[in-house]
>>> print(open('start-v7.csv').read())   # CSV, C-alpha atoms
chain,number,residue,atom,x,y,z
T,15,GLN,CA,-120.4,117.4,138.1
T,16,ILE,CA,-121.6,120.3,140.3
T,17,PRO,CA,-121.5,123.6,138.3
T,18,ALA,CA,-118.7,125.8,139.7
T,19,ASN,CA,-121.0,128.8,140.6
T,20,LEU,CA,-123.0,126.5,143.0
T,21,VAL,CA,-120.0,125.3,145.0
T,22,PRO,CA,-119.6,127.2,148.3
T,23,LYS,CA,-116.3,129.0,148.4
T,24,THR,CA,-114.5,131.6,150.5
T,25,ALA,CA,-113.3,134.9,149.2
T,26,ASN,CA,-110.0,133.4,148.2
T,27,GLY,CA,-111.7,130.6,146.2
T,28,THR,CA,-111.3,127.8,148.8
T,29,VAL,CA,-114.1,125.3,148.7
T,30,ASN,CA,-115.9,125.2,152.1
T,31,TYR,CA,-118.9,123.0,152.7
T,32,VAL,CA,-119.0,123.6,156.5
T,33,ASP,CA,-119.4,127.3,157.1
T,34,GLY,CA,-121.9,130.0,156.2
T,35,ARG,CA,-121.5,133.7,155.7
T,36,PRO,CA,-119.3,135.6,156.1
T,37,THR,CA,-116.8,132.8,155.6
T,38,ILE,CA,-118.3,131.6,152.3
T,39,THR,CA,-119.0,134.4,149.8
T,40,THR,CA,-120.2,132.5,146.7
T,41,GLY,CA,-122.2,129.3,146.0
T,42,ARG,CA,-125.0,127.7,147.8
T,43,GLN,CA,-126.0,128.9,151.3
T,44,ASP,CA,-125.0,126.7,154.3
T,45,ASN,CA,-127.5,123.9,154.7
T,46,ARG,CA,-129.4,125.1,151.7
T,47,GLY,CA,-127.9,123.0,148.9
T,48,PHE,CA,-129.6,120.5,146.6
T,49,GLU,CA,-132.9,119.5,148.3
T,50,GLY,CA,-134.8,117.7,145.5
T,51,VAL,CA,-133.8,115.4,142.6
T,52,THR,CA,-135.8,113.7,139.9
T,53,VAL,CA,-135.2,112.1,136.5
T,54,SER,CA,-137.1,112.8,133.3
T,55,ALA,CA,-139.4,110.1,131.9
T,56,ASP,CA,-137.0,109.3,129.1
T,57,GLY,CA,-134.1,108.9,131.6
T,58,LYS,CA,-131.9,111.4,129.7
T,59,THR,CA,-132.1,114.4,132.1
T,60,ALA,CA,-131.7,114.6,135.9
T,61,TYR,CA,-133.0,117.7,137.6
T,62,ALA,CA,-131.8,118.9,141.0
T,63,VAL,CA,-133.2,121.9,142.8
T,64,LEU,CA,-131.4,124.1,145.4
T,65,GLN,CA,-133.4,124.8,148.6
T,66,ASP,CA,-132.8,128.6,148.4
T,67,PRO,CA,-131.0,131.3,146.5
T,68,LEU,CA,-127.2,131.4,146.3
T,69,VAL,CA,-125.3,133.1,149.2
T,70,ASN,CA,-124.0,135.8,146.9
T,71,GLU,CA,-127.3,136.7,145.2
T,72,GLY,CA,-130.1,139.0,146.1
T,73,ALA,CA,-130.2,142.4,147.8
T,74,GLN,CA,-127.2,142.7,150.2
T,75,ASN,CA,-125.7,139.6,148.6
T,76,ASP,CA,-126.7,137.2,151.4
T,77,GLY,CA,-129.2,135.1,149.5
T,78,ARG,CA,-131.8,135.6,152.2
T,79,ARG,CA,-133.9,138.3,150.5
T,80,SER,CA,-134.1,136.8,147.0
T,81,ARG,CA,-136.9,134.8,145.5
T,82,ASN,CA,-134.7,133.3,142.7
T,83,VAL,CA,-133.8,129.6,143.2
T,84,ARG,CA,-132.0,127.5,140.7
T,85,ILE,CA,-133.2,124.3,139.1
T,86,VAL,CA,-130.2,122.5,137.5
T,87,ALA,CA,-130.5,120.1,134.6
T,88,PHE,CA,-127.9,117.4,134.1
T,89,ASP,CA,-127.2,115.0,131.2
T,90,THR,CA,-127.5,111.5,132.8
T,91,THR,CA,-125.0,110.1,130.4
T,92,THR,CA,-122.1,112.6,130.9
T,93,GLY,CA,-123.0,113.8,134.3
T,94,GLN,CA,-122.5,117.4,133.1
T,95,SER,CA,-124.9,120.2,133.7
T,96,THR,CA,-126.9,121.3,130.7
T,97,GLY,CA,-128.6,124.3,132.2
T,98,GLN,CA,-129.8,126.3,135.2
T,99,PHE,CA,-133.3,127.8,135.4
T,100,ILE,CA,-134.8,130.3,137.8
T,101,TYR,CA,-137.8,129.2,139.9
T,102,GLN,CA,-139.3,132.2,141.8
T,103,LEU,CA,-140.5,131.5,145.3
T,104,GLU,CA,-143.9,133.0,146.2
T,105,SER,CA,-143.2,136.5,147.5
T,106,VAL,CA,-143.0,136.9,151.3
T,107,ALA,CA,-145.5,139.7,151.0
T,108,ASP,CA,-148.1,137.3,149.6
T,109,ILE,CA,-147.3,134.7,152.2
T,110,ASN,CA,-147.6,137.2,155.0
T,111,GLN,CA,-151.2,138.0,153.9
T,112,ARG,CA,-152.1,134.5,155.0
T,113,VAL,CA,-150.4,135.0,158.4
T,114,PRO,CA,-151.0,138.6,159.2
T,115,THR,CA,-150.6,138.1,163.0
T,116,ASP,CA,-147.2,136.4,162.7
T,117,THR,CA,-145.5,137.6,159.6
T,118,PHE,CA,-142.1,136.5,158.1
T,119,GLY,CA,-139.3,139.0,158.1
T,120,ALA,CA,-137.4,140.3,155.0
T,121,THR,CA,-134.6,137.8,155.5
T,122,ALA,CA,-137.0,134.8,155.6
T,123,GLN,CA,-137.6,135.1,151.8
T,124,GLY,CA,-134.6,133.0,150.8
T,125,ARG,CA,-133.9,131.2,154.0
T,126,ASN,CA,-137.0,130.0,155.9
T,127,ILE,CA,-139.0,129.7,152.7
T,128,GLY,CA,-137.6,127.3,150.1
T,129,LEU,CA,-137.9,124.2,147.9
T,130,SER,CA,-137.7,120.6,148.7
T,131,GLY,CA,-139.1,117.5,146.9
T,132,MET,CA,-139.5,117.4,143.1
T,133,ILE,CA,-141.1,114.9,140.7
T,134,ALA,CA,-140.7,114.8,136.9
T,135,LEU,CA,-143.9,114.1,135.1
T,136,PRO,CA,-144.3,112.1,131.8
T,137,ASN,CA,-145.2,115.3,129.9
T,138,GLY,CA,-141.8,116.9,130.8
T,139,LYS,CA,-143.2,119.2,133.5
T,140,LEU,CA,-142.2,119.1,137.2
T,141,LEU,CA,-144.0,119.1,140.5
T,142,VAL,CA,-142.0,121.0,143.1
T,143,LEU,CA,-142.7,121.3,146.9
T,144,GLU,CA,-142.4,124.9,148.2
T,145,ARG,CA,-142.6,125.3,152.0
T,146,ASP,CA,-141.9,127.5,155.0
T,147,ASN,CA,-140.2,126.3,158.2
T,148,ARG,CA,-143.3,126.4,160.3
T,149,GLY,CA,-145.6,123.8,161.7
T,150,TRP,CA,-145.6,121.2,164.4
T,151,GLY,CA,-142.0,120.4,165.4
T,152,VAL,CA,-139.4,121.0,168.0
T,153,ASP,CA,-139.6,124.7,167.7
T,154,ASP,CA,-143.4,124.7,167.9
T,155,SER,CA,-144.4,121.6,169.9
T,156,THR,CA,-148.0,122.7,170.3
T,157,ALA,CA,-148.4,123.8,166.6
T,158,GLU,CA,-149.5,127.3,167.6
T,159,ARG,CA,-147.7,129.4,164.9
T,160,PRO,CA,-149.7,130.0,161.7
T,161,VAL,CA,-148.2,128.1,158.7
T,162,GLY,CA,-147.6,130.3,155.7
T,163,SER,CA,-146.8,127.8,152.9
T,164,LYS,CA,-146.8,124.1,152.3
T,165,ARG,CA,-147.6,123.9,148.6
T,166,VAL,CA,-146.9,121.9,145.5
T,167,TYR,CA,-146.5,123.8,142.2
T,168,LEU,CA,-146.7,122.5,138.6
T,169,VAL,CA,-143.6,123.8,136.9
T,170,ASP,CA,-142.8,124.2,133.2
T,171,LEU,CA,-139.3,124.8,132.0
T,172,ALA,CA,-140.3,125.6,128.4
T,173,GLY,CA,-139.1,129.0,127.4
T,174,ALA,CA,-137.1,129.6,130.6
T,175,THR,CA,-133.7,131.3,130.3
T,176,ASP,CA,-130.6,129.3,130.9
T,177,VAL,CA,-128.8,131.3,133.7
T,178,SER,CA,-125.8,129.1,134.0
T,179,SER,CA,-123.4,132.0,133.3
T,180,LEU,CA,-125.5,134.7,135.0
T,181,SER,CA,-125.0,136.2,138.4
T,182,LEU,CA,-127.9,137.7,140.3
T,183,ALA,CA,-125.7,139.5,142.9
T,184,GLY,CA,-127.1,142.6,144.3
T,185,THR,CA,-130.6,142.3,143.1
T,186,ASN,CA,-133.8,140.5,144.0
T,187,ASN,CA,-135.1,141.1,140.5
T,188,LEU,CA,-134.4,139.3,137.3
T,189,PRO,CA,-132.5,141.2,134.6
T,190,ALA,CA,-134.4,142.3,131.5
T,191,GLY,CA,-135.0,139.4,129.1
T,192,VAL,CA,-134.5,136.7,131.7
T,193,VAL,CA,-137.5,134.4,131.9
T,194,PRO,CA,-138.1,132.2,134.9
T,195,VAL,CA,-139.9,128.9,134.8
T,196,THR,CA,-143.7,129.1,134.8
T,197,LYS,CA,-145.5,127.8,137.9
T,198,SER,CA,-149.1,127.2,138.9
T,199,LEU,CA,-150.5,126.0,142.2
T,200,TRP,CA,-151.2,122.3,141.9
T,201,PHE,CA,-151.9,121.3,145.5
T,202,ASP,CA,-152.1,123.4,148.7
T,203,ILE,CA,-151.1,120.8,151.4
T,204,ALA,CA,-151.6,123.0,154.4
T,205,ALA,CA,-155.1,124.1,153.3
T,206,GLU,CA,-156.1,120.6,152.6
T,207,LEU,CA,-154.9,119.3,156.0
T,208,ALA,CA,-156.6,122.3,157.8
T,209,GLN,CA,-159.9,121.5,156.0
T,210,TYR,CA,-159.9,118.1,157.8
T,211,GLY,CA,-158.5,119.4,161.1
T,212,ILE,CA,-155.2,117.7,160.7
T,213,THR,CA,-152.1,119.3,162.3
T,214,VAL,CA,-149.6,120.6,159.8
T,215,THR,CA,-146.1,119.3,160.5
T,216,GLU,CA,-143.0,121.4,160.1
T,217,LYS,CA,-140.5,119.6,157.8
T,218,MET,CA,-142.4,118.5,154.7
T,219,GLU,CA,-139.5,117.7,152.3
T,220,GLY,CA,-140.4,114.8,150.1
T,221,ILE,CA,-143.2,114.1,147.6
T,222,SER,CA,-144.1,111.0,145.5
T,223,PHE,CA,-146.9,109.3,143.8
T,224,GLY,CA,-148.1,106.2,145.5
T,225,PRO,CA,-150.4,103.3,144.5
T,226,ALA,CA,-153.5,103.6,142.3
T,227,ILE,CA,-156.6,104.5,144.3
T,228,ASP,CA,-160.2,105.1,143.0
T,229,GLY,CA,-159.0,105.6,139.4
T,230,GLY,CA,-156.2,107.9,140.3
T,231,TYR,CA,-153.0,107.7,142.4
T,232,ALA,CA,-152.2,108.4,146.0
T,233,PHE,CA,-150.0,111.5,146.5
T,234,VAL,CA,-147.5,111.0,149.3
T,235,VAL,CA,-145.9,113.8,151.4
T,236,VAL,CA,-142.9,112.8,153.5
T,237,THR,CA,-141.7,114.6,156.6
T,238,ASP,CA,-138.0,114.9,157.5
T,239,ASN,CA,-137.3,113.8,161.1
T,240,ASP,CA,-134.1,115.7,161.9
T,241,PHE,CA,-136.0,118.2,164.2
T,242,SER,CA,-138.8,115.8,165.1
T,243,VAL,CA,-140.6,115.9,168.4
>>> encode(input="start-v7.csv", output="structure tokens")
Amino acid sequence: QIPANLVPKTANGTVNYVDGRPTITTGRQDNRGFEGVTVSADGKTAYAVLQDPLVNEGAQNDGRRSRNVRIVAFDTTTGQSTGQFIYQLESVADINQRVPTDTFGATAQGRNIGLSGMIALPNGKLLVLERDNRGWGVDDSTAERPVGSKRVYLVDLAGATDVSSLSLAGTNNLPAGVVPVTKSLWFDIAAELAQYGITVTEKMEGISFGPAIDGGYAFVVVTDNDFSV
């Protein structure tokens, strides 16, 4: 059961999964809904992550300037949500330091930078893929634009505040006392590919562990083909 605050609705409360702003005024942004899903090791909890902030949150209430994205927990037995937790995207200012000659604008924060694949680990933590919309693809067929972010973060929900009943309308900041999930860089995909001279593709959206290799496991990154060249 999708929590009511995530369902896209018009100003009169009509559910609308087709249009973006200004038609929808609350809920997930158009084409920025659940982008990753995983199940805890014990099978009791499913986690789904939105790609970007809600359309009614952040400065100017358009979702595109906020860093605050929701990870939603569900009870796998009942199908009901048991909590929502804030994952904070890397700030656009920090990303722009890596691409000083071709920076991202203010509205890219919660629109062109977002979350995709997610993996639950046996210890209860999560791996989450955070990425921009740049790289080799239909909009950049020669891979000329600098890529700002293709990164996997290790995420811990312990101590994070349940924000199921909290609106972040009108602000890019979290209210006093609201604790986001903790995150630490686990794997910089773009940097690793660049080190070996491999072109970075645009739409990296899935992650998984593969077969055992050399005492460890392969780590697999999947690209979406909907804007493929």
>>> residues_around(input="start-v7.csv", residues="Asn75 in chain T", least_positions_apart="3", cutoff="8 Å", atoms="only C-alpha atoms", output="PyMOL selection string")
chain T and resi 69-72+183-185
>>> write_last_selection(input="start-v7.csv", atoms="C-alpha atoms", output="mmCIF file, in the coordinates of the input")
data_model
loop_
_atom_site.group_PDB
_atom_site.id
_atom_site.type_symbol
_atom_site.label_atom_id
_atom_site.label_comp_id
_atom_site.auth_asym_id
_atom_site.auth_seq_id
_atom_site.Cartn_x
_atom_site.Cartn_y
_atom_site.Cartn_z
ATOM 1 C CA VAL T 69 -125.300 133.100 149.200
ATOM 2 C CA ASN T 70 -124.000 135.800 146.900
ATOM 3 C CA GLU T 71 -127.300 136.700 145.200
ATOM 4 C CA GLY T 72 -130.100 139.000 146.100
ATOM 5 C CA ALA T 183 -125.700 139.500 142.900
ATOM 6 C CA GLY T 184 -127.100 142.600 144.300
ATOM 7 C CA THR T 185 -130.600 142.300 143.100
#
>>> atom_distance(input="start-v7.csv", atom1="CA of Asn137 in chain T", atom2="CA of Ala60 in chain T")
14.8 Å
>>> residues_around(input="start-v7.csv", residues="range 158-166 of chain T", least_positions_apart="6", cutoff="8 Å", atoms="only C-alpha atoms", output="PyMOL selection string")
chain T and resi 109-110+112-113+116+141-146+148-150+199-204+214+218
>>> closest_residue(input="start-v7.csv", among="T:Pro17, T:Gly138, T:Gly224, T:Gly47", to="Gln98 in chain T", atoms="all atoms listed in the file")
T:Pro17
>>> residues_around(input="start-v7.csv", residues="Val32 in chain T", least_positions_apart="6", cutoff="10 Å", atoms="all atoms listed in the file", output="list in words")
Pro22, Ile38, Asp44 and Asn45 of chain T
>>> residues_around(input="start-v7.csv", residues="Ser95 in chain T", least_positions_apart="4", cutoff="9 Å", atoms="all atoms listed in the file", output="ChimeraX atom specification")
/T:15-17,86-89,178
>>> atom_distance(input="start-v7.csv", atom1="CA of Leu168 in chain T", atom2="CA of Leu103 in chain T")
12.8 Å
>>> atom_distance(input="start-v7.csv", atom1="CA of Ile221 in chain T", atom2="CA of Thr40 in chain T")
29.5 Å
>>> closest_residue(input="start-v7.csv", among="T:Thr213, T:Gln102, T:Thr156, T:Gln65", to="Leu129 in chain T", atoms="all atoms listed in the file")
T:Gln65
>>> closest_residue(input="start-v7.csv", among="T:Val192, T:Gln123, T:Met132, T:Gly211", to="Asp108 in chain T", atoms="only C-alpha atoms")
T:Gln123
>>> residues_near_point(input="start-v7.csv", point="(-146.8, 126.0, 137.2)", cutoff="7 Å", atoms="all atoms listed in the file", output="JSON, numbers by chain")
{"T": [167, 168, 169, 170, 196, 197, 198, 199]}
>>> closest_residue(input="start-v7.csv", among="T:Arg46, T:Asp66, T:Gly220, T:Asn82", to="Thr237 in chain T", atoms="all atoms listed in the file")
T:Gly220
